[in-house]
Amino acid sequence: MSKKEADRWLQGAEEAYPLAVRLLGEMVSIPSVAAQHRGIPEAASCVLRSVEELGGEALIFDDLPGNPVVYGFFPAGTGGDSGKTLLFYNHYDVQPEEPAEEWETPPFALTEREGKLFGRGVGDNKGDIAARLAAVDLLRRQPGGLPCNVKFMVEGEEEIGSPNLAPYVAKYSDYFAADACIWEFGYKDEGERQGLVAGLRGLLYMELICKGADQDQHSLSSGYIDNPALRLAHALSSLKDQNGEVTVEGFHDDAKEPTPEELEAVRKLPFDGEAIKKLYGLRLPLLTERSGKDPRVVTAFESLLTVCGIHGGYTGSGAKTLIPSEAIAKVEVRLAAGQEPQTILRLLRAHLDRHGFGDIHINVLNDRQRGFRSNLSDPFVKLVQRTAEELYPDGVTLTPSHPGCGPMYDLGSVLELPIVSTGIGWIGSRYHAPNENVRIGDLKQGIAHIALLLSRFGQPITTT
């Protein structure tokens with residue numbers, strides 16, 4: 001693509017930007033916090049109105065358990081290919097705004113300052129909804145109209161693990177059928193490279209509970225009464241060794257092996273261990289420095305087990321001498337593609353039993369997400385990468401499998417389509433934190449990229 005053509009799309013994005021900001025402001029004003037059951041019907045209706053305002057067909061599916069799923073459809077124009085369909089997956093729910101006192105501006109009022117837009121959801125994920133709708137409207141106004149059919153799936157439970165999305169996808173698969181899908185997120189890294197993602201992890205999240213007594217005991221009995229906190233600590237330490245290697249038998253067996261192309265892509269990704277240590281103030285060596293593994297390969301392809309928190313007994317100020325009656329640990333497994341949550345759960349149960357911890361109860365909190373990876377050789381993956389490289393002058397990275405979790409498997413396996421994620425965020429977007437933001441320039445680039453991608457998708461896709 002010539003610089004002249006790139007400039008044309010960027011100029012179009014300038015023209016589409018006011019619409020994107022207006023739509024984004026309307027969405028951000030609704031506190032659609034799924035974890036707290038706030039603003040959900042209002043947010044779904046807002047998305048529906050936005051689609052209809054721009055001339056699209058919109059429906060709200062709410063006949064199954066869980067929050068409503070919004071369907072949007074824009075047909076190809078007279079000059080487009082009505083036999084090709086691109087699906088956008090997004091979500092209208094957001095994280096809670098707490099701690100509210102750390103916001104410099106109201107979290108549910110879109111605010112512009114210093115070349116950025118602030119508000120809960122601007123980066124994750126309402127800003128991408130607005131950018132994509134603005135790009136669709138931009139192309140609808142071009143001679144010949146949209147170059148292909150465009151569909152939207154906008155759900156309302158992504159921030160709580162999408163526990164009810166799969167039944168909607170299965171029941172309404174005819175509505176959401178498409179040739180390819182653009183996923184919800186994407187951001188520029190510390191080197192201003194635009195990140196593309198072709199896969200996500202699954203998630204198994206649980207509590208390990210060690211119950212030792214009906215009530216706390218005085219610590220003078222610690223010579224003969226077992227301590228649930230220590231017992232749980234021993235059980236947790238049996239799951240991983242000091243190099244971070246998971247020691248659960250069979251834990252990695254079902255993980256899908258990376259292809260040579262995927263390994264090559266991962267090894268091209270930037271990774272600066274010393275910068276990471278400095279950024280987070282790490283005081284210990286990286287686990288991969290001990291194991292000798294490539295951290296990029298581990299992050300992309302190995303299933304990851306993490307102890308997220310431990311609670312038991314007295315944790316207040318001062319001293320209280322006791323043996324806690326119970327101890328609880330929050331544990332997650334980020335599943336690689338190919339792994340079944342229930343299989344990993346059985347392996348964990350068998351491991352605990354085999355090591356003498358049969359009394360420790362596993363309480364499953366989330367076991368519905370599986371990992372997914374698109375084929376990097378798919379022409380659509382190549383198209384997304386190529387168009388991004390044409391519009392992002394500071395470079396593009398392609399990650400075969402991001403360590404983040406999401407319901408990508410639910411769409412990819414049922415609808416049988418390639419999926420690539422790209423978006424308008426940057427490394428300082430502060431997703432899930434106070435003062436969430438996107439840069440205005442990134443939003444405009446995101447509109448231009450989606451418009452270019454749609455225009456090319458409506459043409460025959462080549463692998464060159």
# chains A, B, ... in the order shown; residues from 1 in each chain; ligands from 1
call {"tool": "residues_around", "arguments": {"residues": "segment 213-225 of chain A", "least_positions_apart": "4", "cutoff": "10 Å", "atoms": "only C-alpha atoms", "output": "list in words"}}
result
Gly313, Tyr314, Lys320, Thr321, Leu322, Ile323, Pro324, Ser325 and Glu326 of chain A
call {"tool": "residues_around", "arguments": {"residues": "Glu274 of chain A", "least_positions_apart": "5", "cutoff": "10 Å", "atoms": "only C-alpha atoms", "output": "list of chain:residue names"}}
result
A:Leu279, A:Leu282, A:Pro285, A:Leu286
call {"tool": "write_last_selection", "arguments": {"atoms": "C-alpha atoms", "output": "short mmCIF file (atom, residue, chain, number, x, y, z; two decimals), in the first residue's frame"}}
result
data_model
loop_
_atom_site.label_atom_id
_atom_site.label_comp_id
_atom_site.auth_asym_id
_atom_site.auth_seq_id
_atom_site.Cartn_x
_atom_site.Cartn_y
_atom_site.Cartn_z
CA LEU A 279 9.65 -2.10 36.12
CA LEU A 282 11.57 -7.76 41.33
CA PRO A 285 15.70 -14.04 39.60
CA LEU A 286 13.15 -14.85 36.93
#
call {"tool": "closest_residue", "arguments": {"among": "A:Arg8, A:His37, A:Arg132, A:Lys188", "to": "Val51 of chain A", "atoms": "only C-alpha atoms"}}
result
A:Arg132
call {"tool": "closest_residue", "arguments": {"among": "A:Glu26, A:Asp179, A:Glu5, A:Glu102", "to": "Val47 of chain A", "atoms": "only C-alpha atoms"}}
result
A:Glu26
call {"tool": "atom_distance", "arguments": {"atom1": "atom CA of Cys405 of chain A", "atom2": "atom CA of Ala180 of chain A"}}
result
19.7 Å
call {"tool": "select_by_dssp", "arguments": {"residues": "segment 194-410 of chain A", "states": "alpha helix (DSSP H)", "output": "PyMOL selection string"}}
result
chain A and resi 228-237+260-267+273-280+287-291+295-301+341-354+379-391+408-410
call {"tool": "residues_around", "arguments": {"residues": "segment 247-260 of chain A", "least_positions_apart": "3", "cutoff": "7 Å", "atoms": "only C-alpha atoms", "output": "ChimeraX atom specification"}}
result
/A:239-241,263-264,301,303,336-339,344,347-348,351
call {"tool": "residues_around", "arguments": {"residues": "Ile60 of chain A", "least_positions_apart": "2", "cutoff": "9 Å", "atoms": "only C-alpha atoms", "output": "NGL selection string"}}
result
:A and (44-45 or 48 or 58 or 62 or 68-72)
call {"tool": "closest_residue", "arguments": {"among": "A:Leu335, A:Ile209, A:Leu352, A:Ala319", "to": "Ser237 of chain A", "atoms": "only C-alpha atoms"}}
result
A:Leu352
call {"tool": "closest_atom_pairs", "arguments": {"of": "segment 25-118 of chain A", "to": "segment 412-434 of chain A", "cutoff": "9 Å", "atoms": "only C-alpha atoms", "output": "Markdown table"}}
result
| residue | atom | partner | partner_atom | distance |
| --- | --- | --- | --- | --- |
| A:Val94 | CA | A:His432 | CA | 8.1 |
| A:Gln95 | CA | A:His432 | CA | 5.8 |
| A:Pro96 | CA | A:His432 | CA | 7.7 |
| A:Glu97 | CA | A:Pro434 | CA | 6.6 |
| A:Glu98 | CA | A:Pro434 | CA | 7.3 |
| A:Pro99 | CA | A:Pro434 | CA | 6.9 |
| A:Ala100 | CA | A:Pro434 | CA | 7.2 |
| A:Glu101 | CA | A:Pro434 | CA | 8.6 |
| A:Glu102 | CA | A:Pro434 | CA | 5.9 |
| A:Trp103 | CA | A:Pro434 | CA | 5.2 |
| A:Glu104 | CA | A:Pro434 | CA | 8.2 |
| A:Pro107 | CA | A:Pro434 | CA | 7.7 |
call {"tool": "closest_residue", "arguments": {"among": "A:Ala229, A:Leu454, A:Leu411, A:Leu345", "to": "Leu165 of chain A", "atoms": "only C-alpha atoms"}}
result
A:Leu411
call {"tool": "select_by_dssp", "arguments": {"residues": "segment 403-437 of chain A", "states": "strand (DSSP E or B)", "output": "VMD selection string"}}
result
chain A and resid 405 419 to 421 425 to 426 437
call {"tool": "residues_around", "arguments": {"residues": "Asn437 of chain A", "least_positions_apart": "5", "cutoff": "6 Å", "atoms": "only C-alpha atoms", "output": "CSV table (one decimal) with N, CA and C atoms, in the first residue's frame"}}
result
chain,number,residue,atom,x,y,z
A,117,LEU,N,-8.1,9.7,26.2
A,117,LEU,CA,-9.5,9.6,26.7
A,117,LEU,C,-9.5,8.7,27.9
A,118,PHE,N,-10.2,9.2,29.0
A,118,PHE,CA,-10.2,8.4,30.2
A,118,PHE,C,-11.6,8.0,30.6
A,122,VAL,N,-12.8,2.4,28.4
A,122,VAL,CA,-12.4,3.0,27.1
A,122,VAL,C,-11.4,2.1,26.4
A,429,SER,N,-2.4,1.8,29.1
A,429,SER,CA,-3.9,2.0,29.2
A,429,SER,C,-4.5,1.7,30.5
call {"tool": "closest_residue", "arguments": {"among": "A:Ala134, A:Val331, A:Leu204, A:Ala20", "to": "Thr343 of chain A", "atoms": "only C-alpha atoms"}}
result
A:Leu204
call {"tool": "residues_around", "arguments": {"residues": "Arg349 of chain A", "least_positions_apart": "5", "cutoff": "12 Å", "atoms": "only C-alpha atoms", "output": "list in words"}}
result
Met206, Leu208, Ala235, Leu239, Val248, Glu249, Phe251, Gln342, Thr343, Ile344, Arg354, His355, Gly356, Phe357, Gly358, Asp359, Ile360, His361, Ile362, Asn363 and Val364 of chain A
call {"tool": "write_last_selection", "arguments": {"atoms": "N, CA and C atoms", "output": "CSV table (one decimal), in the first residue's frame"}}
result
chain,number,residue,atom,x,y,z
A,206,MET,N,-9.9,-22.1,41.1
A,206,MET,CA,-10.5,-22.9,42.2
A,206,MET,C,-9.9,-22.4,43.5
A,208,LEU,N,-8.5,-24.1,47.1
A,208,LEU,CA,-8.1,-25.2,47.9
A,208,LEU,C,-8.4,-24.9,49.3
A,235,ALA,N,0.8,-28.6,50.9
A,235,ALA,CA,0.1,-29.0,49.7
A,235,ALA,C,0.4,-28.2,48.5
A,239,LEU,N,2.9,-28.7,44.5
A,239,LEU,CA,2.4,-28.5,43.1
A,239,LEU,C,3.5,-27.9,42.2
A,248,VAL,N,2.7,-31.7,39.0
A,248,VAL,CA,1.5,-32.5,38.9
A,248,VAL,C,1.7,-33.5,37.8
A,249,GLU,N,1.5,-34.8,38.1
A,249,GLU,CA,1.8,-35.8,37.1
A,249,GLU,C,0.8,-35.6,35.9
A,251,PHE,N,0.4,-33.1,33.9
A,251,PHE,CA,-0.1,-31.8,33.8
A,251,PHE,C,0.0,-31.2,32.4
A,342,GLN,N,-11.6,-30.1,33.0
A,342,GLN,CA,-12.0,-31.2,33.9
A,342,GLN,C,-10.8,-32.2,34.0
A,343,THR,N,-10.0,-32.4,32.9
A,343,THR,CA,-8.9,-33.3,33.0
A,343,THR,C,-7.9,-32.8,34.0
A,344,ILE,N,-7.5,-31.5,33.9
A,344,ILE,CA,-6.6,-30.9,34.8
A,344,ILE,C,-7.1,-31.0,36.3
A,354,ARG,N,-2.5,-38.5,46.2
A,354,ARG,CA,-1.3,-39.3,46.2
A,354,ARG,C,-0.3,-38.8,47.2
A,355,HIS,N,-0.3,-37.5,47.4
A,355,HIS,CA,0.7,-36.9,48.3
A,355,HIS,C,0.2,-36.7,49.8
A,356,GLY,N,-0.9,-37.4,50.1
A,356,GLY,CA,-1.4,-37.4,51.4
A,356,GLY,C,-2.2,-36.2,51.8
A,357,PHE,N,-2.8,-35.5,50.8
A,357,PHE,CA,-3.7,-34.4,51.1
A,357,PHE,C,-5.1,-34.6,50.6
A,358,GLY,N,-5.6,-35.8,50.9
A,358,GLY,CA,-6.9,-36.2,50.5
A,358,GLY,C,-8.0,-35.4,51.2
A,359,ASP,N,-7.7,-34.8,52.3
A,359,ASP,CA,-8.6,-34.0,53.1
A,359,ASP,C,-8.8,-32.6,52.5
A,360,ILE,N,-7.9,-32.2,51.7
A,360,ILE,CA,-8.1,-30.8,51.1
A,360,ILE,C,-9.1,-30.8,50.0
A,361,HIS,N,-10.1,-29.9,50.2
A,361,HIS,CA,-11.2,-29.8,49.3
A,361,HIS,C,-10.9,-28.9,48.2
A,362,ILE,N,-11.4,-29.2,47.0
A,362,ILE,CA,-11.3,-28.3,45.8
A,362,ILE,C,-12.6,-27.8,45.5
A,363,ASN,N,-12.7,-26.4,45.6
A,363,ASN,CA,-14.0,-25.8,45.3
A,363,ASN,C,-13.8,-25.0,43.9
A,364,VAL,N,-14.4,-25.5,42.9
A,364,VAL,CA,-14.2,-24.9,41.5
A,364,VAL,C,-15.0,-23.6,41.4
